[in-house]
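File shown: final-v8.cif. Contents: mmCIF, C-alpha atoms.
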```cif
data_structure
loop_
_atom_site.label_atom_id
_atom_site.label_comp_id
_atom_site.auth_asym_id
_atom_site.auth_seq_id
_atom_site.Cartn_x
_atom_site.Cartn_y
_atom_site.Cartn_z
CA MET A 270 123.08 116.28 116.40
CA CYS A 271 120.02 116.68 114.22
CA CYS A 272 117.41 119.25 114.96
CA VAL A 273 113.81 118.16 115.58
CA SER A 274 110.84 120.41 114.95
CA THR A 275 108.59 120.68 118.00
CA ARG A 276 105.92 123.11 116.85
CA PHE A 277 102.73 122.75 118.83
CA ASP A 278 99.59 121.38 117.20
CA LYS A 279 97.53 124.54 116.72
CA LYS A 280 94.32 122.69 115.88
CA LYS A 281 94.40 120.74 119.12
CA LEU A 282 95.48 123.66 121.28
CA MET A 283 93.09 126.26 119.91
CA ASN A 284 90.05 124.16 120.87
CA LEU A 285 90.43 124.86 124.60
CA SER A 286 86.91 125.62 125.88
CA SER A 287 85.87 127.69 128.87
CA SER A 288 85.08 124.49 130.77
CA THR A 289 88.50 122.98 130.13
CA LYS A 290 91.11 123.44 132.81
CA ARG A 291 94.10 125.29 131.45
CA GLN A 292 97.32 123.39 131.92
CA ILE A 293 100.71 125.09 132.06
CA ILE A 294 103.59 122.74 132.74
CA LEU A 295 107.12 123.94 133.43
CA PHE A 296 109.50 121.09 132.71
CA ASN A 297 113.24 121.04 133.34
CA LYS A 298 114.27 118.99 130.32
CA PRO A 299 117.31 116.74 130.62
CA PHE A 300 120.03 116.38 128.00
CA ASN A 301 119.20 114.10 125.05
CA VAL A 302 115.42 114.21 125.45
CA LEU A 303 113.18 115.16 122.52
CA SER A 304 110.69 117.98 123.06
CA GLN A 305 107.84 115.80 121.80
CA PHE A 306 105.97 112.69 122.94
CA THR A 307 106.79 110.26 120.12
CA ASP A 308 109.83 109.37 118.06
CA GLU A 309 110.31 106.91 115.22
CA ASN A 310 113.94 106.35 116.19
CA ASN A 311 113.22 105.26 119.77
CA ARG A 312 114.97 108.21 121.38
CA THR A 313 113.86 109.39 124.82
CA THR A 314 110.82 111.66 124.61
CA LEU A 315 108.60 113.68 126.92
CA LYS A 316 106.43 110.60 127.44
CA LYS A 317 108.97 109.29 129.95
CA TYR A 318 108.56 112.37 132.16
CA ILE A 319 105.15 113.98 131.55
CA PRO A 320 102.09 111.80 132.34
CA ILE A 321 99.60 114.61 131.67
CA PRO A 322 97.42 114.10 128.54
CA GLU A 323 96.68 116.67 125.85
CA VAL A 324 99.53 119.06 126.55
CA TYR A 325 102.07 120.02 123.93
CA ALA A 326 105.42 121.80 123.91
CA ALA A 327 105.12 125.52 123.22
CA GLY A 328 108.19 126.08 121.09
CA ARG A 329 111.34 124.02 120.81
CA LEU A 330 114.25 123.07 122.98
CA ASP A 331 116.82 121.06 121.10
CA TYR A 332 117.54 117.42 121.85
CA ASP A 333 121.01 118.26 123.14
CA SER A 334 119.92 121.29 125.21
CA GLU A 335 118.60 121.32 128.77
CA GLY A 336 116.33 123.43 130.91
CA LEU A 337 112.95 125.10 130.74
CA LEU A 338 110.34 123.75 128.37
CA ILE A 339 106.75 124.98 128.60
CA LEU A 340 103.91 122.59 127.80
CA THR A 341 100.28 123.66 127.61
CA ASN A 342 96.84 122.88 126.23
CA ASP A 343 96.17 126.60 125.66
CA GLY A 344 96.79 127.78 122.11
CA LYS A 345 96.68 131.48 122.99
CA LEU A 346 99.39 130.99 125.58
CA ALA A 347 101.48 128.90 123.18
CA ASN A 348 101.21 131.69 120.62
CA GLN A 349 102.31 134.25 123.22
CA VAL A 350 105.40 132.19 123.97
CA THR A 351 106.38 131.33 120.40
CA SER A 352 105.20 134.16 118.13
CA PRO A 353 108.09 136.33 116.84
CA THR A 354 105.87 139.41 117.07
CA ARG A 355 105.50 138.93 120.83
CA LYS A 356 109.29 139.10 121.35
CA THR A 357 109.15 136.97 124.49
CA SER A 358 112.60 137.11 126.07
CA LYS A 359 114.47 133.92 126.93
CA THR A 360 117.61 133.59 129.02
CA TYR A 361 120.13 130.84 128.39
CA TRP A 362 123.16 129.71 130.36
CA ALA A 363 125.86 128.66 127.94
CA GLN A 364 129.08 126.97 128.95
CA VAL A 365 131.52 127.93 126.22
CA GLU A 366 135.04 127.02 125.26
CA GLY A 367 137.54 129.72 126.16
CA ILE A 368 136.93 133.05 127.87
CA PRO A 369 135.58 135.81 125.59
CA SER A 370 136.95 139.32 125.92
CA GLN A 371 134.60 142.18 126.70
CA ASN A 372 134.97 143.43 123.11
CA THR A 373 133.88 140.02 121.86
CA LEU A 374 130.88 140.01 124.19
CA ASN A 375 129.97 143.49 122.95
CA LEU A 376 129.91 142.19 119.37
CA LEU A 377 127.57 139.41 120.44
CA SER A 378 125.34 141.89 122.27
CA GLN A 379 125.09 144.17 119.24
CA GLY A 380 124.14 141.35 116.87
CA VAL A 381 126.12 138.98 114.69
CA ASN A 382 125.58 138.09 111.06
CA LEU A 383 124.58 134.42 110.77
CA LYS A 384 123.64 132.53 107.62
CA ASP A 385 119.98 133.47 108.13
CA GLY A 386 120.71 137.13 108.79
CA LEU A 387 121.74 139.55 111.50
CA THR A 388 120.64 138.65 115.02
CA LEU A 389 118.79 141.20 117.11
CA PRO A 390 120.64 142.81 120.03
CA ALA A 391 121.07 140.48 123.00
CA LYS A 392 122.04 140.81 126.65
CA VAL A 393 125.30 138.91 127.17
CA ALA A 394 127.55 138.68 130.22
CA ILE A 395 129.99 136.30 131.83
CA MET A 396 128.34 134.74 134.90
CA PRO A 397 129.54 132.64 137.84
CA GLU A 398 129.31 128.90 137.30
CA PRO A 399 125.73 128.00 138.25
CA THR A 400 124.93 125.42 140.91
CA ILE A 401 123.20 122.84 138.73
CA TRP A 402 122.77 119.14 138.15
CA LEU A 403 125.48 116.95 136.63
CA ARG A 404 124.99 116.24 132.97
CA VAL A 405 125.01 112.63 131.81
CA PRO A 406 127.21 112.20 129.88
CA PRO A 407 129.44 115.12 130.93
CA ILE A 408 130.78 117.60 128.39
CA ARG A 409 134.10 116.92 126.72
CA GLU A 410 136.61 119.45 127.97
CA ARG A 411 140.10 120.05 126.62
CA LYS A 412 142.65 120.17 129.43
CA LEU A 413 144.55 123.19 128.15
CA ILE A 414 141.49 125.28 127.21
CA PRO A 415 139.41 126.86 130.00
CA THR A 416 135.65 127.23 129.86
CA CYS A 417 133.29 129.85 131.23
CA TRP A 418 129.55 130.41 131.55
CA LEU A 419 127.64 133.12 129.70
CA SER A 420 124.17 134.45 130.43
CA ILE A 421 122.54 135.21 127.08
CA THR A 422 119.10 136.79 126.78
CA ILE A 423 117.45 136.94 123.34
CA ILE A 424 114.02 137.76 121.95
CA GLU A 425 114.29 135.58 118.86
CA GLY A 426 113.86 131.85 118.42
CA ARG A 427 115.93 130.85 115.44
CA ASN A 428 117.09 127.27 115.01
CA ARG A 429 120.04 126.60 117.36
CA GLN A 430 120.55 130.34 117.60
CA VAL A 431 122.60 130.58 120.79
CA ARG A 432 124.97 127.83 119.69
CA ARG A 433 125.48 129.52 116.33
CA MET A 434 126.04 132.90 117.99
CA THR A 435 128.79 131.68 120.29
CA ALA A 436 130.41 129.66 117.50
CA HIS A 437 130.44 132.81 115.37
CA ILE A 438 132.62 134.61 117.91
CA GLY A 439 134.99 131.65 118.24
CA HIS A 440 133.67 130.26 121.53
CA PRO A 441 131.61 127.14 120.78
CA THR A 442 128.93 126.13 123.24
CA LEU A 443 129.70 122.96 125.19
CA ARG A 444 126.54 122.92 127.30
CA LEU A 445 123.33 124.91 126.93
CA ILE A 446 120.60 125.39 129.53
CA ARG A 447 117.49 127.50 129.05
CA TYR A 448 116.96 129.20 132.38
CA ARG A 449 114.02 131.50 131.69
CA VAL A 450 111.11 132.07 129.31
CA GLY A 451 109.17 135.27 129.98
CA ASN A 452 108.47 135.35 133.72
CA TRP A 453 109.05 131.64 134.27
CA THR A 454 112.32 130.00 135.29
CA ILE A 455 113.64 126.60 136.31
CA ASP A 456 114.21 127.79 139.89
CA GLY A 457 113.09 125.04 142.28
CA ILE A 458 112.52 122.47 139.50
CA ASP A 459 114.90 119.52 139.55
CA ASN A 460 116.21 118.29 136.22
CA GLY A 461 113.78 115.75 134.78
CA LYS A 462 110.92 117.09 136.94
CA TYR A 463 108.01 119.45 136.26
CA ILE A 464 105.54 121.67 138.07
CA ASN A 465 102.00 122.67 137.09
CA VAL A 466 101.37 126.42 137.22
CA HIS A 467 97.94 126.50 135.59
CA ASN A 468 96.60 128.96 138.18
CA LYS A 469 99.31 131.53 137.48
CA HIS A 470 99.25 134.18 134.77
CA TYR A 471 101.87 134.46 132.06
#
```
Step by step, read the file and then write its structure as structure tokens.
Amino acid sequence: MCCVSTRFDKKKLMNLSSSTKRQIILFNKPFNVLSQFTDENNRTTLKKYIPIPEVYAAGRLDYDSEGLLILTNDGKLANQVTSPTRKTSKTYWAQVEGIPSQNTLNLLSQGVNLKDGLTLPAKVAIMPEPTIWLRVPPIRERKLIPTCWLSITIIEGRNRQVRRMTAHIGHPTLRLIRYRVGNWTIDGIDNGKYINVHNKHY
């Protein structure tokens, strides 16, 4: 699956005036939806789900990933969320092939050497299977190979980082859901739905 850049439009976002109402949208993105409003290849975009004008995705969430995507018209907030210097933590739920040993999880926590360098330390643990929506289409499971769910918290935002991390330790990701960004989560937000939290602080 190709990766699509979803960097916010700084020029449009930075022009938020004191009289403009700040919009902060928390969207629970479904599988196979682009984190942008247009697409030349007629794939499903945010336009199908978000009817609010002049908001843009703060950061990326890959086409084949699900979960929390923040949209805003506030450039300062978008910078807080996406800037590497801010080190905003993000928690992902990853359904992986096989069951990693504790030693393997420790390696992932300490940092693994990917093609673009060593990852920063992460918080990684096996978690109970979350009570979540069914994915359409479902993942492809192999009958003789079990799967498990990992909770992975990182402070970086490299391209497809979590998928590359789990692949590096021999446990490829079958399904990936972003559960949390900073203080915000997808709790109480159905898949394909959004809430407006413009009155709340980041």
I'd like the neighbourhood of Pro390 in chain A as an mmCIF file with C-alpha atoms, in the frame of the given file, where a residue qualifies if any of its atoms comes within 9 Å (using all atoms listed in the file), though same-chain residues fewer than 2 positions away should be ignored.
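Printed below is selection.cif as written:
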```cif
data_model
loop_
_atom_site.group_PDB
_atom_site.id
_atom_site.type_symbol
_atom_site.label_atom_id
_atom_site.label_comp_id
_atom_site.auth_asym_id
_atom_site.auth_seq_id
_atom_site.Cartn_x
_atom_site.Cartn_y
_atom_site.Cartn_z
ATOM 1 C CA LEU A 377 127.570 139.410 120.440
ATOM 2 C CA SER A 378 125.340 141.890 122.270
ATOM 3 C CA GLN A 379 125.090 144.170 119.240
ATOM 4 C CA GLY A 380 124.140 141.350 116.870
ATOM 5 C CA VAL A 381 126.120 138.980 114.690
ATOM 6 C CA THR A 388 120.640 138.650 115.020
ATOM 7 C CA LYS A 392 122.040 140.810 126.650
ATOM 8 C CA ILE A 423 117.450 136.940 123.340
ATOM 9 C CA ILE A 424 114.020 137.760 121.950
#
```
Contacts of Leu445 in chain A within 6 Å, all atoms listed in the file, excl. fewer than 2 positions in-chain, as a list in words: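 Once the adjacent positions are removed, what remains is Ser334, Trp362 and Ala363 of chain A.
Note that CA of Arg427 in chain A and CA of Ile294 in chain A are 22.7 Å apart.
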All residues 12 Å or closer to Gly457 in chain A, all atoms listed in the file, same chain fewer than 3 positions away omitted, as an NGL selection string: :A and (295-297 or 336-337 or 400-401 or 448 or 453-454 or 460-464)
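Evaluated against the shown file, the PyMOL selection byres ((chain A and resi 326) around 6) gives A:Phe277, A:Tyr325, A:Ala327, A:Gly328, A:Ile339, A:Leu340.
Note that the spacing between CA of Ile421 in chain A and CA of Val450 in chain A amounts to 12.1 Å.
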Would you translate the PyMOL selection byres ((chain A and resi 404) around 12) into the concrete set of residues it matches in this file, as a PDB file with C-alpha atoms, keeping the file's coordinate frame?
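Contents of the output file out25.pdb:
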```pdb
ATOM      1  CA  LYS A 298     114.270 118.990 130.320  1.00  0.00           C
ATOM      2  CA  PRO A 299     117.310 116.740 130.620  1.00  0.00           C
ATOM      3  CA  PHE A 300     120.030 116.380 128.000  1.00  0.00           C
ATOM      4  CA  ASN A 301     119.200 114.100 125.050  1.00  0.00           C
ATOM      5  CA  ASP A 333     121.010 118.260 123.140  1.00  0.00           C
ATOM      6  CA  SER A 334     119.920 121.290 125.210  1.00  0.00           C
ATOM      7  CA  GLU A 335     118.600 121.320 128.770  1.00  0.00           C
ATOM      8  CA  GLY A 336     116.330 123.430 130.910  1.00  0.00           C
ATOM      9  CA  ILE A 401     123.200 122.840 138.730  1.00  0.00           C
ATOM     10  CA  TRP A 402     122.770 119.140 138.150  1.00  0.00           C
ATOM     11  CA  LEU A 403     125.480 116.950 136.630  1.00  0.00           C
ATOM     12  CA  VAL A 405     125.010 112.630 131.810  1.00  0.00           C
ATOM     13  CA  PRO A 406     127.210 112.200 129.880  1.00  0.00           C
ATOM     14  CA  PRO A 407     129.440 115.120 130.930  1.00  0.00           C
ATOM     15  CA  ILE A 408     130.780 117.600 128.390  1.00  0.00           C
ATOM     16  CA  ARG A 409     134.100 116.920 126.720  1.00  0.00           C
ATOM     17  CA  LEU A 443     129.700 122.960 125.190  1.00  0.00           C
ATOM     18  CA  ARG A 444     126.540 122.920 127.300  1.00  0.00           C
ATOM     19  CA  LEU A 445     123.330 124.910 126.930  1.00  0.00           C
ATOM     20  CA  ILE A 446     120.600 125.390 129.530  1.00  0.00           C
ATOM     21  CA  ASN A 460     116.210 118.290 136.220  1.00  0.00           C
ATOM     22  CA  GLY A 461     113.780 115.750 134.780  1.00  0.00           C
TER      23      GLY A 461
END
```
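Proximity ranking of A:Pro320, A:Arg449, A:Gln430, A:Asp459 relative to Gly386 in chain A places A:Gln430 first, based on all atoms listed in the file.
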Length of the CA of Asp343 in chain A to CA of Arg429 in chain A vector [Å]: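 A separation of 25.3 Å between them.
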Glu366 in chain A surroundings by all atoms listed in the file, 6 Å radius, close-in-sequence under 6 positions cut, as JSON, numbers by chain: {"A": [416, 440, 441]}
Pop range 311-454 of chain A out of the structure in the block and write C-alpha atoms as a PDB file, in the first residue's frame.
```
ATOM      1  CA  ASN A 311     -10.837   8.395  -6.479  1.00  0.00           C
ATOM      2  CA  ARG A 312     -10.027   6.698  -3.185  1.00  0.00           C
ATOM      3  CA  THR A 313     -12.158   7.438  -0.132  1.00  0.00           C
ATOM      4  CA  THR A 314     -11.084  10.661   1.587  1.00  0.00           C
ATOM      5  CA  LEU A 315     -11.996  12.713   4.633  1.00  0.00           C
ATOM      6  CA  LYS A 316     -14.601  14.534   2.549  1.00  0.00           C
ATOM      7  CA  LYS A 317     -16.967  11.588   3.014  1.00  0.00           C
ATOM      8  CA  TYR A 318     -16.875  11.960   6.808  1.00  0.00           C
ATOM      9  CA  ILE A 319     -15.941  15.542   7.765  1.00  0.00           C
ATOM     10  CA  PRO A 320     -18.358  18.278   6.575  1.00  0.00           C
ATOM     11  CA  ILE A 321     -16.504  21.059   8.425  1.00  0.00           C
ATOM     12  CA  PRO A 322     -14.719  23.585   6.140  1.00  0.00           C
ATOM     13  CA  GLU A 323     -11.166  24.874   6.531  1.00  0.00           C
ATOM     14  CA  VAL A 324      -9.824  22.163   8.802  1.00  0.00           C
ATOM     15  CA  TYR A 325      -6.812  20.074   7.909  1.00  0.00           C
ATOM     16  CA  ALA A 326      -5.196  16.906   9.245  1.00  0.00           C
ATOM     17  CA  ALA A 327      -2.443  17.598  11.764  1.00  0.00           C
ATOM     18  CA  GLY A 328       0.020  14.887  10.853  1.00  0.00           C
ATOM     19  CA  ARG A 329      -0.527  11.649   9.003  1.00  0.00           C
ATOM     20  CA  LEU A 330      -2.348   8.412   9.543  1.00  0.00           C
ATOM     21  CA  ASP A 331      -1.709   5.950   6.751  1.00  0.00           C
ATOM     22  CA  TYR A 332      -4.401   4.852   4.330  1.00  0.00           C
ATOM     23  CA  ASP A 333      -4.361   1.319   5.731  1.00  0.00           C
ATOM     24  CA  SER A 334      -4.291   2.368   9.410  1.00  0.00           C
ATOM     25  CA  GLU A 335      -7.254   3.216  11.636  1.00  0.00           C
ATOM     26  CA  GLY A 336      -7.986   5.346  14.654  1.00  0.00           C
ATOM     27  CA  LEU A 337      -7.355   8.849  15.922  1.00  0.00           C
ATOM     28  CA  LEU A 338      -6.733  11.625  13.439  1.00  0.00           C
ATOM     29  CA  ILE A 339      -6.715  15.244  14.610  1.00  0.00           C
ATOM     30  CA  LEU A 340      -7.981  17.958  12.287  1.00  0.00           C
ATOM     31  CA  THR A 341      -7.741  21.651  13.069  1.00  0.00           C
ATOM     32  CA  ASN A 342      -7.659  25.169  11.663  1.00  0.00           C
ATOM     33  CA  ASP A 343      -5.063  26.208  14.265  1.00  0.00           C
ATOM     34  CA  GLY A 344      -1.479  26.163  13.009  1.00  0.00           C
ATOM     35  CA  LYS A 345       0.061  26.453  16.474  1.00  0.00           C
ATOM     36  CA  LEU A 346      -1.833  23.398  17.626  1.00  0.00           C
ATOM     37  CA  ALA A 347      -0.914  21.479  14.470  1.00  0.00           C
ATOM     38  CA  ASN A 348       2.732  22.303  15.112  1.00  0.00           C
ATOM     39  CA  GLN A 349       2.438  21.086  18.708  1.00  0.00           C
ATOM     40  CA  VAL A 350       1.071  17.770  17.493  1.00  0.00           C
ATOM     41  CA  THR A 351       3.480  17.200  14.608  1.00  0.00           C
ATOM     42  CA  SER A 352       6.787  18.888  15.471  1.00  0.00           C
ATOM     43  CA  PRO A 353       9.553  16.380  16.341  1.00  0.00           C
ATOM     44  CA  THR A 354      10.906  18.793  18.950  1.00  0.00           C
ATOM     45  CA  ARG A 355       7.625  18.626  20.884  1.00  0.00           C
ATOM     46  CA  LYS A 356       7.908  14.829  21.282  1.00  0.00           C
ATOM     47  CA  THR A 357       4.142  14.382  21.526  1.00  0.00           C
ATOM     48  CA  SER A 358       3.528  10.781  22.545  1.00  0.00           C
ATOM     49  CA  LYS A 359       1.210   8.560  20.528  1.00  0.00           C
ATOM     50  CA  THR A 360      -0.136   5.154  21.498  1.00  0.00           C
ATOM     51  CA  TYR A 361      -0.934   2.529  18.891  1.00  0.00           C
ATOM     52  CA  TRP A 362      -2.690  -0.813  19.162  1.00  0.00           C
ATOM     53  CA  ALA A 363      -1.032  -3.255  16.806  1.00  0.00           C
ATOM     54  CA  GLN A 364      -2.349  -6.709  16.034  1.00  0.00           C
ATOM     55  CA  VAL A 365       0.740  -8.682  15.084  1.00  0.00           C
ATOM     56  CA  GLU A 366       1.467 -12.110  13.723  1.00  0.00           C
ATOM     57  CA  GLY A 367       2.794 -14.475  16.363  1.00  0.00           C
ATOM     58  CA  ILE A 368       3.391 -13.822  20.052  1.00  0.00           C
ATOM     59  CA  PRO A 369       6.634 -11.972  20.852  1.00  0.00           C
ATOM     60  CA  SER A 370       8.723 -13.074  23.810  1.00  0.00           C
ATOM     61  CA  GLN A 371       9.500 -10.628  26.582  1.00  0.00           C
ATOM     62  CA  ASN A 372      13.107 -10.424  25.357  1.00  0.00           C
ATOM     63  CA  THR A 373      11.847  -9.452  21.917  1.00  0.00           C
ATOM     64  CA  LEU A 374       9.568  -6.798  23.387  1.00  0.00           C
ATOM     65  CA  ASN A 375      12.511  -5.455  25.392  1.00  0.00           C
ATOM     66  CA  LEU A 376      14.488  -5.029  22.171  1.00  0.00           C
ATOM     67  CA  LEU A 377      11.608  -3.088  20.667  1.00  0.00           C
ATOM     68  CA  SER A 378      11.347  -0.920  23.784  1.00  0.00           C
ATOM     69  CA  GLN A 379      15.057  -0.090  23.728  1.00  0.00           C
ATOM     70  CA  GLY A 380      15.043   0.931  20.065  1.00  0.00           C
ATOM     71  CA  VAL A 381      15.601  -0.938  16.825  1.00  0.00           C
ATOM     72  CA  ASN A 382      17.810  -0.002  13.903  1.00  0.00           C
ATOM     73  CA  LEU A 383      15.652   0.730  10.846  1.00  0.00           C
ATOM     74  CA  LYS A 384      16.813   1.921   7.436  1.00  0.00           C
ATOM     75  CA  ASP A 385      16.424   5.540   8.555  1.00  0.00           C
ATOM     76  CA  GLY A 386      18.244   5.036  11.839  1.00  0.00           C
ATOM     77  CA  LEU A 387      17.764   3.857  15.397  1.00  0.00           C
ATOM     78  CA  THR A 388      14.303   4.410  16.858  1.00  0.00           C
ATOM     79  CA  LEU A 389      13.943   6.170  20.181  1.00  0.00           C
ATOM     80  CA  PRO A 390      12.937   4.092  23.210  1.00  0.00           C
ATOM     81  CA  ALA A 391       9.271   3.085  23.188  1.00  0.00           C
ATOM     82  CA  LYS A 392       6.777   1.675  25.671  1.00  0.00           C
ATOM     83  CA  VAL A 393       5.716  -1.761  24.438  1.00  0.00           C
ATOM     84  CA  ALA A 394       3.546  -4.407  26.090  1.00  0.00           C
ATOM     85  CA  ILE A 395       1.215  -7.224  25.157  1.00  0.00           C
ATOM     86  CA  MET A 396      -2.372  -6.123  25.836  1.00  0.00           C
ATOM     87  CA  PRO A 397      -5.754  -7.864  25.959  1.00  0.00           C
ATOM     88  CA  GLU A 398      -7.645  -7.873  22.675  1.00  0.00           C
ATOM     89  CA  PRO A 399      -9.482  -4.528  22.612  1.00  0.00           C
ATOM     90  CA  THR A 400     -13.244  -4.295  22.219  1.00  0.00           C
ATOM     91  CA  ILE A 401     -13.378  -2.518  18.874  1.00  0.00           C
ATOM     92  CA  TRP A 402     -15.250  -2.317  15.597  1.00  0.00           C
ATOM     93  CA  LEU A 403     -14.977  -4.968  12.898  1.00  0.00           C
ATOM     94  CA  ARG A 404     -12.637  -4.065  10.100  1.00  0.00           C
ATOM     95  CA  VAL A 405     -13.919  -4.223   6.535  1.00  0.00           C
ATOM     96  CA  PRO A 406     -12.343  -6.178   4.977  1.00  0.00           C
ATOM     97  CA  PRO A 407     -11.046  -8.283   7.891  1.00  0.00           C
ATOM     98  CA  ILE A 408      -7.355  -9.075   8.265  1.00  0.00           C
ATOM     99  CA  ARG A 409      -5.955 -12.193   6.649  1.00  0.00           C
ATOM    100  CA  GLU A 410      -5.003 -14.625   9.375  1.00  0.00           C
ATOM    101  CA  ARG A 411      -3.054 -17.848   8.961  1.00  0.00           C
ATOM    102  CA  LYS A 412      -4.773 -20.732  10.740  1.00  0.00           C
ATOM    103  CA  LEU A 413      -1.650 -22.190  12.315  1.00  0.00           C
ATOM    104  CA  ILE A 414      -0.122 -18.876  13.436  1.00  0.00           C
ATOM    105  CA  PRO A 415      -1.653 -17.064  16.427  1.00  0.00           C
ATOM    106  CA  THR A 416      -1.895 -13.299  16.701  1.00  0.00           C
ATOM    107  CA  CYS A 417      -1.732 -10.925  19.639  1.00  0.00           C
ATOM    108  CA  TRP A 418      -2.212  -7.226  20.347  1.00  0.00           C
ATOM    109  CA  LEU A 419       0.583  -4.882  21.384  1.00  0.00           C
ATOM    110  CA  SER A 420       0.290  -1.442  22.934  1.00  0.00           C
ATOM    111  CA  ILE A 421       3.112   0.675  21.508  1.00  0.00           C
ATOM    112  CA  THR A 422       3.783   4.242  22.623  1.00  0.00           C
ATOM    113  CA  ILE A 423       6.296   6.329  20.656  1.00  0.00           C
ATOM    114  CA  ILE A 424       7.350   9.973  20.510  1.00  0.00           C
ATOM    115  CA  GLU A 425       8.473   9.929  16.891  1.00  0.00           C
ATOM    116  CA  GLY A 426       6.480  10.109  13.679  1.00  0.00           C
ATOM    117  CA  ARG A 427       8.517   8.371  11.028  1.00  0.00           C
ATOM    118  CA  ASN A 428       6.850   6.996   7.926  1.00  0.00           C
ATOM    119  CA  ARG A 429       5.064   3.718   8.792  1.00  0.00           C
ATOM    120  CA  GLN A 430       7.230   3.486  11.880  1.00  0.00           C
ATOM    121  CA  VAL A 431       5.208   1.058  13.993  1.00  0.00           C
ATOM    122  CA  ARG A 432       4.757  -1.364  11.101  1.00  0.00           C
ATOM    123  CA  ARG A 433       8.473  -1.292  10.369  1.00  0.00           C
ATOM    124  CA  MET A 434       9.329  -1.783  14.045  1.00  0.00           C
ATOM    125  CA  THR A 435       7.212  -4.904  14.449  1.00  0.00           C
ATOM    126  CA  ALA A 436       8.410  -6.305  11.123  1.00  0.00           C
ATOM    127  CA  HIS A 437      11.989  -5.796  12.296  1.00  0.00           C
ATOM    128  CA  ILE A 438      11.434  -8.137  15.247  1.00  0.00           C
ATOM    129  CA  GLY A 439       9.743 -10.766  13.071  1.00  0.00           C
ATOM    130  CA  HIS A 440       6.133 -10.004  14.011  1.00  0.00           C
ATOM    131  CA  PRO A 441       4.501  -8.126  11.122  1.00  0.00           C
ATOM    132  CA  THR A 442       1.563  -5.879  11.876  1.00  0.00           C
ATOM    133  CA  LEU A 443      -1.765  -7.149  10.556  1.00  0.00           C
ATOM    134  CA  ARG A 444      -3.914  -4.305  11.867  1.00  0.00           C
ATOM    135  CA  LEU A 445      -2.909  -0.924  13.268  1.00  0.00           C
ATOM    136  CA  ILE A 446      -5.064   1.469  15.278  1.00  0.00           C
ATOM    137  CA  ARG A 447      -3.886   4.774  16.708  1.00  0.00           C
ATOM    138  CA  TYR A 448      -5.524   4.999  20.099  1.00  0.00           C
ATOM    139  CA  ARG A 449      -4.036   8.181  21.542  1.00  0.00           C
ATOM    140  CA  VAL A 450      -2.288  11.413  20.583  1.00  0.00           C
ATOM    141  CA  GLY A 451      -1.159  13.511  23.543  1.00  0.00           C
ATOM    142  CA  ASN A 452      -4.129  13.712  25.918  1.00  0.00           C
ATOM    143  CA  TRP A 453      -6.730  12.766  23.318  1.00  0.00           C
ATOM    144  CA  THR A 454      -8.017   9.265  22.597  1.00  0.00           C
TER     145      THR A 454
END
```
